[in-house]
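input_12.txt (compact mmCIF, C-alpha atoms)
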```
# COMPACT_ATOMS: atom_id res chain seq x y z
CA MET R 272 -32.34 -35.49 -54.29
CA SER R 273 -33.32 -36.74 -50.85
CA THR R 274 -32.78 -35.05 -47.49
CA LEU R 275 -32.26 -36.85 -44.22
CA PRO R 276 -34.10 -35.70 -41.08
CA SER R 277 -32.22 -32.95 -39.26
CA ASP R 278 -32.69 -34.51 -35.81
CA ILE R 279 -30.47 -37.54 -36.37
CA GLY R 280 -27.11 -35.76 -36.32
CA PRO R 281 -25.25 -33.40 -38.60
CA ALA R 282 -27.06 -32.35 -41.71
CA VAL R 283 -26.16 -34.59 -44.64
CA SER R 284 -27.34 -34.80 -48.21
CA ALA R 285 -26.99 -37.37 -50.96
CA VAL R 286 -25.79 -36.18 -54.30
CA ASP R 287 -24.94 -38.79 -56.91
CA GLY R 288 -24.83 -41.44 -54.23
CA GLU R 289 -22.31 -39.58 -52.11
CA ARG R 290 -22.89 -38.32 -48.55
CA LEU R 291 -21.80 -34.71 -47.94
CA THR R 292 -21.36 -33.43 -44.38
CA ALA R 293 -21.97 -29.77 -43.61
CA PRO R 294 -18.74 -27.98 -42.59
CA ALA R 295 -18.19 -27.68 -38.85
CA PRO R 296 -18.30 -24.17 -37.38
CA PRO R 297 -14.89 -22.58 -36.91
CA GLU R 298 -13.30 -22.97 -33.50
CA PRO R 299 -13.02 -19.81 -31.43
CA SER R 300 -9.62 -18.20 -31.09
CA PRO R 301 -7.58 -18.76 -27.90
CA ARG R 302 -8.44 -15.26 -26.71
CA ARG R 303 -12.13 -15.92 -27.33
CA ARG R 304 -11.92 -19.22 -25.42
CA ARG R 305 -10.26 -17.49 -22.45
CA PHE R 306 -12.94 -14.80 -22.54
CA LEU R 307 -15.74 -17.39 -22.51
CA ALA R 308 -14.01 -19.45 -19.82
CA ALA R 309 -13.82 -16.33 -17.63
CA GLY R 310 -17.59 -15.86 -17.84
CA GLY R 311 -17.95 -13.56 -20.83
CA PHE R 312 -19.50 -10.21 -20.03
CA THR R 313 -21.05 -11.35 -16.75
CA PRO R 314 -18.12 -10.30 -14.47
CA TYR R 315 -18.04 -6.87 -16.11
CA ALA R 316 -21.79 -6.47 -15.64
CA LEU R 317 -21.41 -7.31 -11.95
CA LEU R 318 -18.76 -4.62 -11.61
CA VAL R 319 -20.99 -1.88 -12.99
CA PRO R 320 -22.68 -0.94 -9.65
CA SER R 321 -19.32 -0.70 -7.88
CA LEU R 322 -17.86 1.36 -10.71
CA ILE R 323 -20.78 3.78 -10.53
CA VAL R 324 -20.26 4.22 -6.78
CA LEU R 325 -16.50 4.73 -7.25
CA ALA R 326 -17.11 7.24 -10.02
CA ALA R 327 -19.47 9.23 -7.80
CA ILE R 328 -17.32 9.11 -4.64
CA THR R 329 -13.80 9.18 -6.10
CA GLY R 330 -14.01 10.02 -9.78
CA TRP R 331 -15.88 13.32 -9.55
CA PRO R 332 -13.71 14.79 -6.75
CA LEU R 333 -10.63 13.70 -8.70
CA ILE R 334 -11.88 15.55 -11.78
CA GLN R 335 -12.49 18.65 -9.65
CA LEU R 336 -8.97 18.31 -8.23
CA VAL R 337 -7.44 18.17 -11.72
CA ILE R 338 -9.45 21.22 -12.81
CA MET R 339 -8.41 23.13 -9.67
CA SER R 340 -4.75 22.33 -10.35
CA PHE R 341 -4.95 24.45 -13.52
CA GLN R 342 -6.53 27.41 -11.71
CA GLU R 343 -5.51 30.12 -9.31
CA PHE R 344 -7.70 29.00 -6.44
CA GLY R 345 -7.18 30.73 -3.10
CA ARG R 346 -9.21 31.96 -0.17
CA ALA R 347 -11.10 34.46 -2.33
CA GLN R 348 -12.35 31.64 -4.55
CA VAL R 349 -13.48 29.71 -1.50
CA PHE R 350 -15.83 32.59 -0.69
CA GLY R 351 -17.25 32.82 -4.20
CA ALA R 352 -14.78 34.69 -6.38
CA PRO R 353 -14.37 33.13 -9.85
CA PRO R 354 -11.10 31.19 -10.27
CA GLU R 355 -8.60 32.25 -12.89
CA PHE R 356 -7.20 29.71 -15.36
CA VAL R 357 -3.39 29.66 -15.18
CA GLY R 358 -2.63 26.60 -17.31
CA LEU R 359 0.53 24.82 -16.20
CA GLY R 360 1.55 27.67 -13.92
CA ASN R 361 0.85 25.75 -10.72
CA TYR R 362 2.78 22.71 -11.95
CA LEU R 363 5.75 24.87 -12.97
CA GLU R 364 5.70 26.53 -9.56
CA VAL R 365 5.70 23.13 -7.84
CA LEU R 366 8.37 21.53 -10.01
CA THR R 367 10.69 24.53 -9.64
CA ASP R 368 10.23 24.70 -5.86
CA ALA R 369 13.22 23.26 -4.01
CA GLU R 370 11.07 22.54 -0.95
CA PHE R 371 8.84 20.19 -2.94
CA TRP R 372 11.80 18.11 -4.07
CA GLN R 373 13.11 17.98 -0.51
CA VAL R 374 9.73 16.77 0.74
CA LEU R 375 9.51 14.22 -2.08
CA ALA R 376 12.99 12.85 -1.39
CA ARG R 377 12.28 12.77 2.34
CA SER R 378 9.01 10.92 1.77
CA VAL R 379 10.60 8.34 -0.55
CA VAL R 380 13.48 7.62 1.85
CA PHE R 381 11.14 7.41 4.83
CA ALA R 382 8.77 5.10 2.92
CA ALA R 383 11.67 2.88 1.83
CA VAL R 384 12.95 2.48 5.41
CA SER R 385 9.46 1.83 6.74
CA VAL R 386 8.59 -0.71 4.03
CA VAL R 387 11.82 -2.68 4.42
CA SER R 388 11.48 -2.74 8.20
CA THR R 389 7.82 -3.74 8.01
CA MET R 390 8.43 -6.55 5.53
CA VAL R 391 11.41 -8.01 7.40
CA LEU R 392 9.72 -7.93 10.81
CA GLY R 393 6.38 -9.07 9.40
CA VAL R 394 7.93 -12.10 7.70
CA LEU R 395 9.84 -12.98 10.89
CA VAL R 396 6.63 -12.79 12.94
CA ALA R 397 4.87 -15.00 10.37
CA LEU R 398 7.66 -17.58 10.61
CA LEU R 399 7.43 -17.42 14.40
CA MET R 400 3.67 -18.03 14.26
CA GLN R 401 4.28 -21.06 12.06
CA ARG R 402 6.58 -22.57 14.70
CA LEU R 403 4.41 -21.80 17.74
CA GLY R 404 1.80 -24.09 19.20
CA THR R 405 -1.90 -23.39 19.07
CA VAL R 406 -2.11 -21.56 22.41
CA LEU R 407 0.89 -19.29 21.86
CA ARG R 408 -0.08 -18.64 18.24
CA THR R 409 -3.54 -17.57 19.39
CA PHE R 410 -1.99 -15.26 21.99
CA VAL R 411 0.30 -13.67 19.37
CA SER R 412 -2.60 -13.33 16.92
CA VAL R 413 -4.72 -11.50 19.50
CA GLY R 414 -1.84 -9.12 20.22
CA LEU R 415 -1.37 -8.42 16.52
CA LEU R 416 -5.09 -7.82 16.04
CA LEU R 417 -5.16 -5.35 18.92
CA ALA R 418 -2.24 -3.43 17.42
CA TRP R 419 -3.87 -3.49 14.00
CA ALA R 420 -7.26 -2.39 15.31
CA MET R 421 -5.93 0.67 17.18
CA PRO R 422 -6.66 3.89 15.25
CA PRO R 423 -3.51 5.62 13.95
CA LEU R 424 -4.19 8.80 15.89
CA SER R 425 -4.64 6.93 19.18
CA ALA R 426 -1.50 4.89 18.56
CA THR R 427 0.49 8.05 17.81
CA ILE R 428 -0.66 9.71 21.03
CA VAL R 429 0.31 6.65 23.08
CA TRP R 430 3.73 6.46 21.47
CA GLY R 431 4.09 10.20 21.96
CA TRP R 432 3.66 9.65 25.70
CA ILE R 433 6.33 6.94 25.62
CA PHE R 434 8.78 9.35 23.95
CA ASP R 435 7.72 12.39 26.00
CA THR R 436 10.54 14.72 27.02
CA GLN R 437 9.81 14.97 30.75
CA TYR R 438 7.49 12.09 31.59
CA GLY R 439 8.26 9.57 28.85
CA VAL R 440 8.82 5.95 29.78
CA LEU R 441 11.76 5.59 27.39
CA ASN R 442 13.78 8.45 28.89
CA TYR R 443 13.05 7.15 32.40
CA VAL R 444 14.30 3.67 31.52
CA LEU R 445 17.43 4.94 29.77
CA VAL R 446 18.34 7.22 32.67
CA ASN R 447 17.37 5.15 35.71
CA TRP R 448 18.00 1.61 34.43
CA PHE R 449 21.01 2.12 32.18
CA GLY R 450 22.49 5.26 33.69
CA LEU R 451 22.45 7.25 30.44
CA GLU R 452 22.20 10.73 31.93
CA GLN R 453 22.34 12.41 28.51
CA PHE R 454 18.75 11.28 27.97
CA GLN R 455 17.50 13.25 30.98
CA GLY R 456 14.86 15.54 29.43
CA HIS R 457 15.87 14.44 25.92
CA SER R 458 13.48 15.58 23.17
CA TRP R 459 12.97 12.87 20.57
CA LEU R 460 10.87 15.02 18.24
CA ILE R 461 12.91 18.21 18.01
CA GLU R 462 15.50 16.74 15.61
CA PRO R 463 14.37 15.47 12.17
CA LEU R 464 16.34 12.21 12.35
CA SER R 465 14.97 11.17 15.74
CA PHE R 466 11.53 12.46 14.71
CA PHE R 467 11.40 10.08 11.76
CA PHE R 468 12.83 7.32 13.95
CA VAL R 469 9.79 7.68 16.22
CA ALA R 470 7.43 7.97 13.23
CA ALA R 471 8.89 4.84 11.64
CA ILE R 472 8.38 2.88 14.86
CA ILE R 473 4.72 3.92 14.99
CA ILE R 474 4.05 3.14 11.33
CA VAL R 475 5.93 -0.16 11.31
CA TRP R 476 4.26 -1.22 14.57
CA GLY R 477 0.84 -0.66 13.01
CA ALA R 478 1.67 -2.32 9.68
CA ILE R 479 3.38 -5.50 10.92
CA PRO R 480 0.09 -7.33 11.72
CA PHE R 481 -1.16 -7.07 8.12
CA VAL R 482 2.11 -8.39 6.72
CA ALA R 483 2.39 -11.12 9.36
CA PHE R 484 -1.14 -12.45 8.84
CA THR R 485 -0.88 -12.32 5.04
CA VAL R 486 2.51 -14.04 4.88
CA TYR R 487 1.46 -16.61 7.47
CA ALA R 488 -1.54 -17.51 5.30
CA GLY R 489 0.87 -18.04 2.41
CA LEU R 490 3.21 -20.15 4.52
CA THR R 491 0.40 -22.56 5.31
CA GLN R 492 0.17 -23.34 1.58
CA VAL R 493 3.81 -24.48 1.27
CA SER R 494 3.90 -28.22 0.67
CA ASP R 495 5.28 -30.24 3.59
CA GLU R 496 6.56 -32.88 1.16
CA VAL R 497 8.67 -30.32 -0.67
CA MET R 498 10.12 -29.02 2.60
CA GLU R 499 10.94 -32.55 3.75
CA ALA R 500 12.58 -33.34 0.41
CA ALA R 501 14.73 -30.21 0.65
CA GLN R 502 15.73 -31.15 4.19
CA LEU R 503 16.68 -34.67 3.10
CA ASP R 504 18.82 -33.14 0.36
CA GLY R 505 20.83 -31.38 3.04
CA ALA R 506 19.38 -27.87 2.72
CA GLY R 507 19.60 -25.89 5.94
CA GLY R 508 16.93 -23.61 7.33
CA ALA R 509 18.12 -20.52 5.46
CA LYS R 510 18.39 -22.36 2.14
CA ARG R 511 14.97 -23.93 2.58
CA PHE R 512 13.47 -20.51 3.21
CA PHE R 513 15.10 -18.65 0.32
CA LEU R 514 15.10 -21.49 -2.24
CA VAL R 515 11.80 -23.20 -1.41
CA VAL R 516 9.53 -21.00 0.69
CA VAL R 517 10.19 -17.64 -0.99
CA PRO R 518 9.32 -18.89 -4.53
CA TYR R 519 6.04 -20.27 -3.13
CA ILE R 520 5.01 -17.02 -1.46
CA LYS R 521 6.67 -14.61 -3.92
CA PRO R 522 3.33 -13.33 -5.33
CA ILE R 523 2.16 -12.53 -1.81
CA LEU R 524 5.41 -10.78 -0.94
CA VAL R 525 5.28 -8.67 -4.10
CA ILE R 526 1.68 -7.58 -3.59
CA VAL R 527 2.14 -6.82 0.13
CA THR R 528 5.32 -4.83 -0.58
CA ILE R 529 3.60 -2.70 -3.23
CA LEU R 530 0.67 -2.02 -0.92
CA GLN R 531 3.05 -0.98 1.85
CA ILE R 532 4.84 1.40 -0.52
CA ILE R 533 1.55 3.04 -1.50
CA TRP R 534 0.40 3.37 2.11
CA ASP R 535 3.70 4.70 3.44
CA LEU R 536 4.10 7.27 0.66
CA ARG R 537 0.78 8.87 1.53
CA VAL R 538 1.06 8.63 5.32
CA PHE R 539 -0.50 11.63 7.05
CA THR R 540 -2.01 11.01 10.49
CA GLN R 541 1.12 9.87 12.31
CA ILE R 542 3.35 12.63 10.91
CA TYR R 543 0.83 15.41 11.52
CA ALA R 544 0.09 14.22 15.06
CA LEU R 545 3.80 14.03 15.95
CA GLN R 546 4.34 17.53 14.57
CA SER R 547 1.50 18.74 16.78
CA ILE R 548 3.12 17.10 19.82
CA GLY R 549 6.50 18.75 19.33
CA GLY R 550 8.07 18.23 15.91
CA LEU R 551 9.30 20.96 13.56
CA ALA R 552 6.93 20.96 10.59
CA GLU R 553 9.30 22.66 8.15
CA GLN R 554 11.90 19.92 8.54
CA THR R 555 9.60 16.89 8.90
CA ASN R 556 6.87 17.37 6.29
CA THR R 557 6.05 14.40 4.10
CA LEU R 558 3.90 14.50 0.97
CA GLY R 559 0.55 14.09 2.70
CA VAL R 560 1.23 16.72 5.36
CA TYR R 561 2.90 19.05 2.83
CA ILE R 562 -0.20 19.05 0.63
CA TYR R 563 -2.37 19.77 3.65
CA ARG R 564 -0.23 22.69 4.81
CA VAL R 565 0.07 24.23 1.33
CA SER R 566 -3.66 23.97 0.69
CA LEU R 567 -5.15 24.89 4.08
CA GLY R 568 -2.23 26.57 5.77
CA SER R 569 -1.24 28.88 2.91
CA GLY R 570 -4.67 28.89 1.29
CA ASP R 571 -3.23 28.08 -2.14
CA PHE R 572 -5.54 25.29 -3.25
CA GLY R 573 -4.39 25.47 -6.86
CA VAL R 574 -0.78 24.64 -5.98
CA GLY R 575 -1.98 22.06 -3.47
CA GLY R 576 -4.07 20.48 -6.21
CA ALA R 577 -1.07 20.34 -8.53
CA ILE R 578 1.00 18.59 -5.86
CA SER R 579 -1.88 16.17 -5.26
CA VAL R 580 -2.12 15.33 -8.96
CA ILE R 581 1.62 14.64 -9.10
CA VAL R 582 1.33 12.33 -6.09
CA VAL R 583 -1.70 10.61 -7.63
CA LEU R 584 0.26 9.95 -10.83
CA LEU R 585 3.10 8.50 -8.76
CA LEU R 586 0.72 6.20 -6.89
CA VAL R 587 -1.06 5.24 -10.11
CA ALA R 588 2.25 4.13 -11.61
CA ILE R 589 2.88 1.93 -8.59
CA SER R 590 -0.72 0.64 -8.67
CA ILE R 591 -0.43 -0.32 -12.33
CA PHE R 592 2.54 -2.51 -11.46
CA TYR R 593 0.49 -4.06 -8.65
CA VAL R 594 -2.44 -4.77 -10.99
CA ARG R 595 -0.15 -6.28 -13.62
CA GLN R 596 1.38 -8.58 -11.03
CA SER R 597 -2.08 -9.65 -9.85
CA VAL R 598 -3.28 -10.37 -13.38
CA LYS R 599 -0.09 -12.26 -14.18
CA GLU R 600 -0.49 -14.48 -11.14
CA GLU R 601 -4.16 -15.18 -11.95
CA SER R 602 -3.25 -16.23 -15.49
CA LEU R 603 -0.72 -18.82 -14.29
```
Give the structure from the file, written as structure tokens.
Amino acid sequence: MSTLPSDIGPAVSAVDGERLTAPAPPEPSPRRRRFLAAGGFTPYALLVPSLIVLAAITGWPLIQLVIMSFQEFGRAQVFGAPPEFVGLGNYLEVLTDAEFWQVLARSVVFAAVSVVSTMVLGVLVALLMQRLGTVLRTFVSVGLLLAWAMPPLSATIVWGWIFDTQYGVLNYVLVNWFGLEQFQGHSWLIEPLSFFFVAAIIIVWGAIPFVAFTVYAGLTQVSDEVMEAAQLDGAGGAKRFFLVVVPYIKPILVIVTILQIIWDLRVFTQIYALQSIGGLAEQTNTLGVYIYRVSLGSGDFGVGGAISVIVVLLLVAISIFYVRQSVKEESL
């Protein structure tokens, strides 16, 4: 038997005058190939520091919140008294409380109106920016950035002045410019419907810039050749938008919509500030403000923790859908 040198190619041997080639190693599975193409374990190793920071800042307080939700934790426990384990008592108290379901329904409806309004107006502003020239587009972009950069509390105070009962600009314009005397001294925050009308304006006004900039970035990626072909085929502006543009930017629209839902469901600053200016808290609480008032106002941190856990589970369900959409788009 004779053996060929191993450095001239695949190992071969001669047996009875025949050349035998060593079997090739098995090919990795499709899943293994995708894993190697994505970088193997390297991306996960790079995420470790961020995960440690998130676990310390968010994970540990969340664990404490879950533990508190199973305890009777009031003002006495704040000053050192040992908490009493009550099991699912806090959750049963929350889920059987009619006020909680009213607040939840109110928050969902308010979030739905705010999200739809934000998305429609944001997309329209993005389309407008696409049509404007460089100078006007820059001017609009600066205005959007200023609105986006204003802190929510400051924006709420400014809008509160606009809707003020005695000195508000809106009442002055309605009375003196349009002759609507019924708005003389009209209180926009005393009634729940008009209260949420004002709150929706503030929230939508602050959220439009994010939607507009994000959608505008997606619009710049739509192929001009495809748009010209659709126009030559006789498609009007509306058909080109819904049949050509929307499929191109659908991933962006889905992600932005889900983010807006999450943000508007947990809105706090604008609602609480408007209630402090003149709104009725009992009729205008949303989830974020309701948790705050139950925990700090009533001193029942156990029930407040149970409500918080329920809201977290609701937001996690929405976030899972967002993550699945993101992963699906990356795999295409």
Original post:
Hey, what's within 10 Å of Asp571 in chain R if we count all atoms listed in the file and toss same-chain stuff fewer than 2 positions away? As a VMD selection string, please?
Top reply: chain R and resid 343 to 346 361 562 564 to 569 573 to 576
Subject >> For range 441-451 of chain R: contacts at 12 Å, only C-alpha atoms, fewer than 6 positions along chain excluded, given as an MDAnalysis selection string >> reply: chainID R and resid 430:435 457:459 469
Requested write-out: C-alpha atoms of the selected residues, as a JSON list (two decimals), in the coordinates of the input:
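Wrote it out as out_18.json, contents follow:
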```json
[["chain", "number", "residue", "atom", "x", "y", "z"],
["R", 430, "TRP", "CA", 3.73, 6.46, 21.47],
["R", 431, "GLY", "CA", 4.09, 10.20, 21.96],
["R", 432, "TRP", "CA", 3.66, 9.65, 25.70],
["R", 433, "ILE", "CA", 6.33, 6.94, 25.62],
["R", 434, "PHE", "CA", 8.78, 9.35, 23.95],
["R", 435, "ASP", "CA", 7.72, 12.39, 26.00],
["R", 457, "HIS", "CA", 15.87, 14.44, 25.92],
["R", 458, "SER", "CA", 13.48, 15.58, 23.17],
["R", 459, "TRP", "CA", 12.97, 12.87, 20.57],
["R", 469, "VAL", "CA", 9.79, 7.68, 16.22]]
```
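Those residues that approach range 395-406 of chain R to within 9 Å, counting all atoms listed in the file, are Met390, Val391, Leu392, Gly393, Arg408, Thr409, Phe410, Val411, Ser412, Ile479, Pro480, Val482, Ala483, Phe484, Thr485, Val486, Tyr487, Ala488, Leu490 and Thr491 of chain R; same-chain residues fewer than 2 positions away are not listed.
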Original post:
Please, what distance in Å, to one decimal, runs between CA of Val374 in chain R and CA of Tyr561 in chain R?
Top reply: 7.5 Å
**OP:** Name the closest residue to Val384 in chain R among the candidates R:Leu503, R:Val475, R:Val587, R:Val525; distances are taken between atoms, counting all atoms listed in the file.
**Re:**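 Answer, going by the shortest atom-to-atom distance: R:Val475.
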Original post:
Hey, what's within 10 Å of Phe466 in chain R if we count all atoms listed in the file and toss same-chain stuff fewer than 4 positions away? As a ChimeraX atom specification, please?
Top reply: /R:458-462,470-471,542,545-546,549-551,554-555
Please write the residues from the selection above to a file, keeping C-alpha atoms, as a CSV table (one decimal), keeping the file's coordinate frame.
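part33.csv, written as the output of this step:
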```csv
chain,number,residue,atom,x,y,z
R,458,SER,CA,13.5,15.6,23.2
R,459,TRP,CA,13.0,12.9,20.6
R,460,LEU,CA,10.9,15.0,18.2
R,461,ILE,CA,12.9,18.2,18.0
R,462,GLU,CA,15.5,16.7,15.6
R,470,ALA,CA,7.4,8.0,13.2
R,471,ALA,CA,8.9,4.8,11.6
R,542,ILE,CA,3.4,12.6,10.9
R,545,LEU,CA,3.8,14.0,16.0
R,546,GLN,CA,4.3,17.5,14.6
R,549,GLY,CA,6.5,18.8,19.3
R,550,GLY,CA,8.1,18.2,15.9
R,551,LEU,CA,9.3,21.0,13.6
R,554,GLN,CA,11.9,19.9,8.5
R,555,THR,CA,9.6,16.9,8.9
```
Original post:
Which distance in Å separates CA of Gln373 in chain R and CA of Arg537 in chain R, to one decimal?
Top reply: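 According to the coordinates, CA of Gln373 in chain R and CA of Arg537 in chain R are separated by 15.5 Å.
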**OP:** For Tyr593 in chain R, list every protein, DNA or RNA residue within 12 Å, evaluated using only C-alpha atoms, and leave out those in the same chain fewer than 4 positions away; present the list as a PyMOL selection string.
**Re:** chain R and resi 522-533+586-589+597-600
Subject >> Nearest candidate to Ala577 in chain R (options R:Gly489, R:Pro518, R:Gly351, R:Gly358; using all atoms listed in the file) >> reply: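 Smallest distance to Ala577 in chain R is found for R:Gly358.
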Original post:
Using all atoms listed in the file, which of the listed residues (R:Asp535, R:Glu364, R:Glu355, R:Glu452) sits closest to Ala382 in chain R?
Top reply: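 Looking only at the distances to Ala382 in chain R, the closest residue turns out to be R:Asp535.
CA of Ser340 in chain R lies 14.4 Å from CA of Tyr563 in chain R.
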**OP:** Tell me which of R:Phe512, R:Tyr315, R:Leu417, R:Met339 sits closest to Pro353 in chain R, counting only C-alpha atoms.
**Re:** R:Met339
Give me range 583-596 of chain R with N, CA and C atoms filled in, as a PDB file, keeping the file's coordinate frame.
```
ATOM      1  N   VAL R 583      -0.770  11.608  -7.080  1.00  0.00           N
ATOM      2  CA  VAL R 583      -1.700  10.610  -7.630  1.00  0.00           C
ATOM      3  C   VAL R 583      -1.068   9.878  -8.804  1.00  0.00           C
ATOM      4  N   LEU R 584      -0.398  10.603  -9.697  1.00  0.00           N
ATOM      5  CA  LEU R 584       0.260   9.950 -10.830  1.00  0.00           C
ATOM      6  C   LEU R 584       1.355   8.995 -10.360  1.00  0.00           C
ATOM      7  N   LEU R 585       2.074   9.388  -9.308  1.00  0.00           N
ATOM      8  CA  LEU R 585       3.100   8.500  -8.760  1.00  0.00           C
ATOM      9  C   LEU R 585       2.487   7.230  -8.202  1.00  0.00           C
ATOM     10  N   LEU R 586       1.391   7.372  -7.461  1.00  0.00           N
ATOM     11  CA  LEU R 586       0.720   6.200  -6.890  1.00  0.00           C
ATOM     12  C   LEU R 586       0.058   5.358  -7.955  1.00  0.00           C
ATOM     13  N   VAL R 587      -0.457   5.994  -9.014  1.00  0.00           N
ATOM     14  CA  VAL R 587      -1.060   5.240 -10.110  1.00  0.00           C
ATOM     15  C   VAL R 587      -0.022   4.378 -10.809  1.00  0.00           C
ATOM     16  N   ALA R 588       1.177   4.924 -10.987  1.00  0.00           N
ATOM     17  CA  ALA R 588       2.250   4.130 -11.610  1.00  0.00           C
ATOM     18  C   ALA R 588       2.574   2.898 -10.779  1.00  0.00           C
ATOM     19  N   ILE R 589       2.627   3.076  -9.460  1.00  0.00           N
ATOM     20  CA  ILE R 589       2.880   1.930  -8.590  1.00  0.00           C
ATOM     21  C   ILE R 589       1.697   0.968  -8.618  1.00  0.00           C
ATOM     22  N   SER R 590       0.477   1.490  -8.653  1.00  0.00           N
ATOM     23  CA  SER R 590      -0.720   0.640  -8.670  1.00  0.00           C
ATOM     24  C   SER R 590      -0.816  -0.170  -9.944  1.00  0.00           C
ATOM     25  N   ILE R 591      -0.399   0.424 -11.064  1.00  0.00           N
ATOM     26  CA  ILE R 591      -0.430  -0.320 -12.330  1.00  0.00           C
ATOM     27  C   ILE R 591       0.481  -1.537 -12.243  1.00  0.00           C
ATOM     28  N   PHE R 592       1.650  -1.363 -11.641  1.00  0.00           N
ATOM     29  CA  PHE R 592       2.540  -2.510 -11.460  1.00  0.00           C
ATOM     30  C   PHE R 592       1.891  -3.566 -10.587  1.00  0.00           C
ATOM     31  N   TYR R 593       1.196  -3.127  -9.535  1.00  0.00           N
ATOM     32  CA  TYR R 593       0.490  -4.060  -8.650  1.00  0.00           C
ATOM     33  C   TYR R 593      -0.590  -4.829  -9.408  1.00  0.00           C
ATOM     34  N   VAL R 594      -1.375  -4.114 -10.231  1.00  0.00           N
ATOM     35  CA  VAL R 594      -2.440  -4.770 -10.990  1.00  0.00           C
ATOM     36  C   VAL R 594      -1.857  -5.751 -12.005  1.00  0.00           C
ATOM     37  N   ARG R 595      -0.777  -5.380 -12.645  1.00  0.00           N
ATOM     38  CA  ARG R 595      -0.150  -6.280 -13.620  1.00  0.00           C
ATOM     39  C   ARG R 595       0.351  -7.543 -12.938  1.00  0.00           C
ATOM     40  N   GLN R 596       0.925  -7.404 -11.757  1.00  0.00           N
ATOM     41  CA  GLN R 596       1.380  -8.580 -11.030  1.00  0.00           C
ATOM     42  C   GLN R 596       0.203  -9.473 -10.652  1.00  0.00           C
TER      43      GLN R 596
END
```
